[in-house]
file data.txt (compact mmCIF, C-alpha atoms)
# COMPACT_ATOMS: atom_id res chain seq x y z
CA MET I 536 23.58 -3.82 8.76
CA ASP I 537 24.46 -6.59 11.23
CA ILE I 538 25.27 -5.94 14.86
CA THR I 539 29.04 -6.10 14.32
CA GLU I 540 28.86 -3.37 11.70
CA GLN I 541 26.65 -1.28 13.99
CA ILE I 542 29.25 -1.57 16.73
CA ASN I 543 32.03 -0.55 14.32
CA GLN I 544 30.06 2.51 13.23
CA LEU I 545 29.35 3.53 16.83
CA GLU I 546 33.00 3.11 17.79
CA ALA I 547 34.03 5.32 14.86
CA ASP I 548 31.44 7.93 15.93
CA PHE I 549 32.77 7.86 19.49
CA VAL I 550 36.37 8.40 18.35
CA GLU I 551 35.40 11.24 16.03
CA LEU I 552 33.37 12.95 18.75
CA GLY I 553 36.41 12.71 21.04
CA SER I 554 38.56 14.31 18.36
CA LEU I 555 36.07 17.16 17.90
CA LEU I 556 35.85 17.63 21.66
CA GLU I 557 39.62 18.14 21.86
CA LYS I 558 39.44 20.85 19.20
CA ALA I 559 36.37 22.60 20.57
CA GLU I 560 37.06 25.84 22.45
CA ARG I 561 33.59 27.13 23.34
CA THR I 562 32.02 25.71 26.51
CA ARG I 563 28.58 25.25 24.96
CA VAL I 564 29.98 23.30 22.04
CA GLN I 565 32.00 21.14 24.42
CA GLU I 566 28.89 20.33 26.48
CA VAL I 567 26.92 19.35 23.37
CA LEU I 568 29.72 17.07 22.21
CA LYS I 569 30.03 15.48 25.66
CA GLN I 570 26.29 14.75 25.77
CA GLU I 571 26.40 13.20 22.32
CA GLN I 572 29.45 11.16 23.29
CA LYS I 573 27.58 9.78 26.33
CA LYS I 574 24.63 8.77 24.11
CA VAL I 575 26.92 6.92 21.72
CA GLU I 576 28.75 5.27 24.61
CA LYS I 577 25.45 4.04 26.10
CA GLU I 578 24.22 2.73 22.74
CA LEU I 579 27.56 1.04 22.18
CA ALA I 580 27.29 -0.78 25.53
CA VAL I 581 23.82 -2.07 24.62
CA LYS I 582 24.97 -3.32 21.22
CA ARG I 583 27.97 -5.07 22.72
CA GLN I 584 25.69 -6.77 25.22
CA GLN I 585 23.40 -7.88 22.39
CA LYS I 586 26.35 -9.25 20.46
CA GLU I 587 27.54 -11.16 23.52
CA LYS I 588 24.10 -12.75 24.01
CA GLN I 589 23.86 -13.59 20.33
CA ALA I 590 27.25 -15.30 20.50
CA LYS I 591 26.08 -17.36 23.47
CA ARG I 592 22.93 -18.41 21.62
CA ASP I 593 24.96 -19.36 18.56
CA ALA I 594 27.31 -21.39 20.73
CA ASP I 595 24.42 -23.09 22.56
CA PRO I 596 21.46 -23.71 20.22
CA SER I 597 19.42 -25.05 23.13
CA ALA I 598 19.37 -21.55 24.66
CA ALA I 599 16.86 -20.42 22.06
CA SER I 600 14.43 -23.15 23.02
CA LYS I 601 14.88 -22.34 26.72
CA ALA I 602 13.94 -18.74 26.11
CA ALA I 603 10.96 -19.76 23.98
CA TYR I 604 8.97 -20.68 27.10
CA THR I 605 6.33 -17.96 27.46
CA VAL I 606 4.49 -16.94 30.62
CA LYS I 607 1.56 -14.56 30.89
CA ILE I 608 1.77 -11.30 32.78
CA ASN I 609 -1.37 -11.21 34.89
CA ASN I 610 -0.54 -8.62 37.52
CA TYR I 611 -0.54 -4.96 36.67
CA ALA I 612 -1.66 -1.61 38.01
CA TRP I 613 -2.97 1.38 36.12
CA ASP I 614 -3.45 5.07 36.62
CA GLN I 615 -4.33 8.04 34.45
CA SER I 616 -3.57 11.65 33.83
CA GLU I 617 -5.50 14.06 31.69
CA LYS I 618 -3.71 12.87 28.54
CA PHE I 619 -2.52 9.32 29.25
CA ILE I 620 -3.58 5.95 30.61
CA LYS I 621 -0.56 4.50 32.43
CA ILE I 622 -0.13 0.73 32.93
CA TYR I 623 2.58 -0.45 35.31
CA LEU I 624 4.08 -3.92 34.84
CA THR I 625 6.58 -5.12 37.44
CA LEU I 626 9.26 -7.45 36.07
CA LYS I 627 12.47 -7.97 38.00
CA ASP I 628 15.63 -7.04 36.05
CA VAL I 629 13.70 -6.00 32.95
CA HIS I 630 15.89 -2.87 32.79
CA LYS I 631 18.98 -5.06 32.40
CA ILE I 632 17.97 -6.64 29.08
CA PRO I 633 18.27 -4.82 25.72
CA SER I 634 15.37 -2.42 25.15
CA ASP I 635 14.74 -4.15 21.81
CA ASN I 636 13.69 -7.23 23.81
CA VAL I 637 10.66 -5.32 25.08
CA GLU I 638 8.04 -4.99 22.35
CA VAL I 639 4.82 -3.04 22.90
CA ASN I 640 2.25 -2.80 20.10
CA PHE I 641 -0.81 -0.57 20.14
CA THR I 642 -4.11 -0.45 18.30
CA GLU I 643 -6.96 1.98 18.85
CA ARG I 644 -8.62 -0.30 21.41
CA SER I 645 -5.84 -2.64 22.63
CA PHE I 646 -2.17 -3.11 23.37
CA SER I 647 0.18 -6.06 23.77
CA VAL I 648 3.49 -6.48 25.55
CA LEU I 649 6.16 -9.09 24.76
CA VAL I 650 9.33 -9.29 26.82
CA LYS I 651 11.88 -11.62 25.23
CA ASP I 652 14.49 -13.68 27.05
CA LEU I 653 14.14 -12.39 30.59
CA ASP I 654 15.47 -14.98 33.04
CA GLY I 655 15.24 -17.61 30.30
CA LYS I 656 11.55 -16.91 29.60
CA ASN I 657 9.39 -14.73 27.43
CA HIS I 658 6.70 -12.69 29.20
CA GLN I 659 3.52 -11.71 27.41
CA MET I 660 0.43 -9.61 28.11
CA THR I 661 -2.48 -8.49 25.95
CA ILE I 662 -5.24 -6.08 26.94
CA LEU I 663 -8.22 -5.98 24.57
CA ASN I 664 -11.34 -3.80 24.43
CA LEU I 665 -9.95 -0.68 26.07
CA LEU I 666 -12.72 1.46 27.52
CA TYR I 667 -12.14 4.29 25.03
CA PRO I 668 -9.99 4.65 21.88
CA VAL I 669 -6.33 5.61 22.25
CA ASP I 670 -3.96 7.31 19.84
CA GLU I 671 -1.68 4.44 18.85
CA LYS I 672 0.88 6.69 17.15
CA ASP I 673 1.49 8.78 20.27
CA SER I 674 1.43 5.85 22.70
CA TYR I 675 4.74 4.46 23.86
CA LYS I 676 6.66 2.46 26.49
CA LYS I 677 9.16 3.38 29.18
CA ILE I 678 11.63 0.98 30.76
CA LYS I 679 12.34 1.71 34.41
CA THR I 680 14.10 -0.24 37.15
CA ASP I 681 12.26 -3.58 37.41
CA MET I 682 9.29 -2.05 35.60
CA ILE I 683 7.67 -1.43 32.21
CA LEU I 684 5.45 1.63 31.94
CA VAL I 685 2.96 1.49 29.07
CA MET I 686 1.72 4.95 28.11
CA CYS I 687 -1.56 4.92 26.16
CA LYS I 688 -2.35 8.36 24.74
CA LYS I 689 -6.01 9.26 25.21
CA GLN I 690 -7.89 10.55 22.22
CA THR I 691 -9.92 12.77 24.58
CA THR I 692 -9.36 14.04 28.11
CA LYS I 693 -12.37 12.10 29.40
CA LYS I 694 -11.77 10.31 32.70
CA TRP I 695 -11.76 6.51 32.54
CA ASP I 696 -13.70 4.64 35.26
CA CYS I 697 -12.23 1.29 34.18
CA LEU I 698 -9.47 0.09 31.89
CA THR I 699 -11.64 -2.10 29.63
CA THR I 700 -15.26 -2.38 28.53
CA VAL I 701 -15.43 -5.84 30.10
CA GLU I 702 -14.59 -4.39 33.53
CA LYS I 703 -17.25 -1.71 33.08
CA GLN I 704 -19.90 -4.24 32.11
CA SER I 705 -18.97 -6.37 35.12
CA LYS I 706 -19.31 -3.40 37.48
CA GLU I 707 -22.66 -2.37 36.00
CA LYS I 708 -23.92 -5.93 36.31
CA ASP I 709 -23.09 -5.95 40.01
CA LYS I 710 -24.90 -2.68 40.66
CA PRO I 711 -28.42 -3.00 42.13
CA ASN I 712 -31.20 -1.96 39.78
CA VAL I 713 -32.55 1.40 40.90
CA ASP I 714 -35.92 2.68 39.75
CA GLU I 715 -35.89 6.45 40.01
CA ASN I 716 -39.70 6.52 40.29
CA ALA I 717 -39.90 3.80 42.92
CA ASP I 718 -40.79 4.46 46.56
CA PRO I 719 -37.51 4.72 48.52
CA SER I 720 -38.99 2.48 51.21
CA ASP I 721 -39.35 -0.33 48.64
CA GLY I 722 -35.58 -0.77 48.59
CA LEU I 723 -35.50 -1.24 52.36
CA MET I 724 -38.40 -3.66 52.21
CA ASN I 725 -36.70 -5.75 49.53
CA MET I 726 -33.50 -5.83 51.55
CA LEU I 727 -35.36 -6.95 54.69
CA LYS I 728 -37.16 -9.66 52.73
CA LYS I 729 -33.85 -10.95 51.43
CA ILE I 730 -32.27 -10.99 54.89
CA TYR I 731 -35.39 -12.67 56.32
CA THR I 732 -35.50 -15.34 53.61
CA GLU I 733 -31.82 -16.18 53.88
CA GLY I 734 -31.53 -15.80 57.68
CA ASP I 735 -31.72 -18.45 60.39
CA ASP I 736 -34.56 -18.80 62.94
CA GLU I 737 -32.98 -16.34 65.36
CA MET I 738 -32.63 -13.73 62.60
CA LYS I 739 -36.28 -14.21 61.59
CA ARG I 740 -37.47 -13.80 65.19
CA THR I 741 -35.40 -10.62 65.56
CA ILE I 742 -36.80 -9.13 62.34
CA ASN I 743 -40.39 -10.10 63.23
CA LYS I 744 -40.03 -8.50 66.65
CA ALA I 745 -38.59 -5.28 65.21
CA TRP I 746 -41.28 -5.20 62.52
CA SER I 747 -44.07 -5.72 65.06
CA GLU I 748 -42.80 -2.98 67.34
CA SER I 749 -42.54 -0.62 64.37
CA GLN I 750 -46.08 -1.37 63.25
CA GLU I 751 -47.46 -0.96 66.78
CA LYS I 752 -45.91 2.49 67.01
CA LYS I 753 -47.49 3.45 63.70
CA VAL I 754 -51.04 2.29 64.34
CA ARG I 755 -51.03 3.12 68.08
CA GLY I 756 -52.65 -0.16 69.07
CA GLU I 757 -55.06 -0.45 66.15
CA GLY I 758 -53.51 -3.65 64.90
CA GLY I 759 -50.70 -6.14 65.52
CA GLY I 760 -47.48 -6.39 63.61
CA GLU I 761 -47.26 -8.36 60.40
CA ASP I 762 -45.07 -11.41 60.00
CA MET I 763 -42.26 -10.80 57.52
CA MET I 764 -43.42 -13.87 55.64
CA ASP I 765 -46.55 -11.91 54.68
CA LEU I 766 -44.63 -8.99 53.22
call {"tool": "encode", "arguments": {"input": "data.txt", "output": "structure tokens"}}
result
Amino acid sequence: MDITEQINQLEADFVELGSLLEKAERTRVQEVLKQEQKKVEKELAVKRQQKEKQAKRDADPSAASKAAYTVKINNYAWDQSEKFIKIYLTLKDVHKIPSDNVEVNFTERSFSVLVKDLDGKNHQMTILNLLYPVDEKDSYKKIKTDMILVMCKKQTTKKWDCLTTVEKQSKEKDKPNVDENADPSDGLMNMLKKIYTEGDDEMKRTINKAWSESQEKKVRGEGGGEDMMDL
């Protein structure tokens, strides 16, 4: 069924709902019919807008090539609830284009977003290697004012520390190696050695002085302080 036929069907539905509404006597029935009439009216407006855009593209073949330019969506924010991972994509006027122009596809460990013909461009984003599996069938999108909300349904209620496995690996790589059996003072010593090695002459003199005073307090005059270079 082409878009013209869809519009004709929706218009017929709208007229028939109006006819039923005039005959309805019970308040509850009237409310149900009014709600349904509003839904049809909204869908009808979207289809008419789609038809108008299609007519413009048909009249100007170059419009298709203009809209074929694709840019990557790099900026996003994410949050989570017990059941969902929520990804927020900010795109100005995205709520003004037909919802069919916003495609979101899910797999167990990824999702992709394609926004077609927004300000003469396509906008695309793909997130791979999600930290944990998601339920692709129960994941979905929401279109809000100037925003797309991607709702990834968690398979478990486990809290996510990162969005992807790559982010987690990067964070773990940046963490200092901690030996649970090591002397706690070793960590301080290693830090002082690093500061001493990388510091300027003034920094080295300051550390040597502090180290010497510390050693003198410990041995009570039995020996001088060690130079940090000997540590």
call {"tool": "closest_residue", "arguments": {"input": "data.txt", "among": "I:Thr692, I:Thr642, I:Thr562, I:Ser647", "to": "Glu617 of chain I", "atoms": "only C-alpha atoms"}}
result
I:Thr692
call {"tool": "closest_residue", "arguments": {"input": "data.txt", "among": "I:Val581, I:Ile608, I:Leu626, I:Ala745", "to": "Lys679 of chain I", "atoms": "only C-alpha atoms"}}
result
I:Leu626
call {"tool": "closest_residue", "arguments": {"input": "data.txt", "among": "I:Asp681, I:Glu702, I:Glu587, I:Glu671", "to": "His630 of chain I", "atoms": "only C-alpha atoms"}}
result
I:Asp681
call {"tool": "residues_near_point", "arguments": {"input": "data.txt", "point": "(7.2, 0.9, 33.6)", "cutoff": "10 Å", "atoms": "all atoms listed in the file", "output": "number ranges by chain"}}
result
I: 621-626, 629-630, 676-686
call {"tool": "closest_residue", "arguments": {"input": "data.txt", "among": "I:Lys582, I:Lys577, I:Asp614, I:Lys569", "to": "Glu557 of chain I", "atoms": "all atoms listed in the file"}}
result
I:Lys569
call {"tool": "atom_distance", "arguments": {"input": "data.txt", "atom1": "atom CA of Lys618 of chain I", "atom2": "atom CA of Asp635 of chain I"}}
result
26.0 Å
call {"tool": "closest_residue", "arguments": {"input": "data.txt", "among": "I:Glu733, I:Leu653, I:Glu638, I:Phe549", "to": "Lys573 of chain I", "atoms": "all atoms listed in the file"}}
result
I:Phe549
call {"tool": "residues_around", "arguments": {"input": "data.txt", "residues": "Val648 of chain I", "least_positions_apart": "2", "cutoff": "9 Å", "atoms": "only C-alpha atoms", "output": "PyMOL selection string"}}
result
chain I and resi 608+637-640+646+650+658-662+685
call {"tool": "closest_residue", "arguments": {"input": "data.txt", "among": "I:Val606, I:Leu568, I:Leu698, I:Phe641", "to": "Tyr675 of chain I", "atoms": "all atoms listed in the file"}}
result
I:Phe641
call {"tool": "residues_near_point", "arguments": {"input": "data.txt", "point": "(27.7, 13.6, 19.6)", "cutoff": "12 Å", "atoms": "all atoms listed in the file", "output": "list in words"}}
result
Leu545, Glu546, Ala547, Asp548, Phe549, Val550, Glu551, Leu552, Gly553, Ser554, Leu555, Leu556, Val564, Gln565, Glu566, Val567, Leu568, Lys569, Gln570, Glu571, Gln572, Lys573, Lys574, Val575, Glu576, Lys577 and Glu578 of chain I
call {"tool": "atom_distance", "arguments": {"input": "data.txt", "atom1": "atom CA of Glu560 of chain I", "atom2": "atom CA of Ala580 of chain I"}}
result
28.5 Å
call {"tool": "atom_distance", "arguments": {"input": "data.txt", "atom1": "atom CA of Asp654 of chain I", "atom2": "atom CA of Tyr604 of chain I"}}
result
10.5 Å
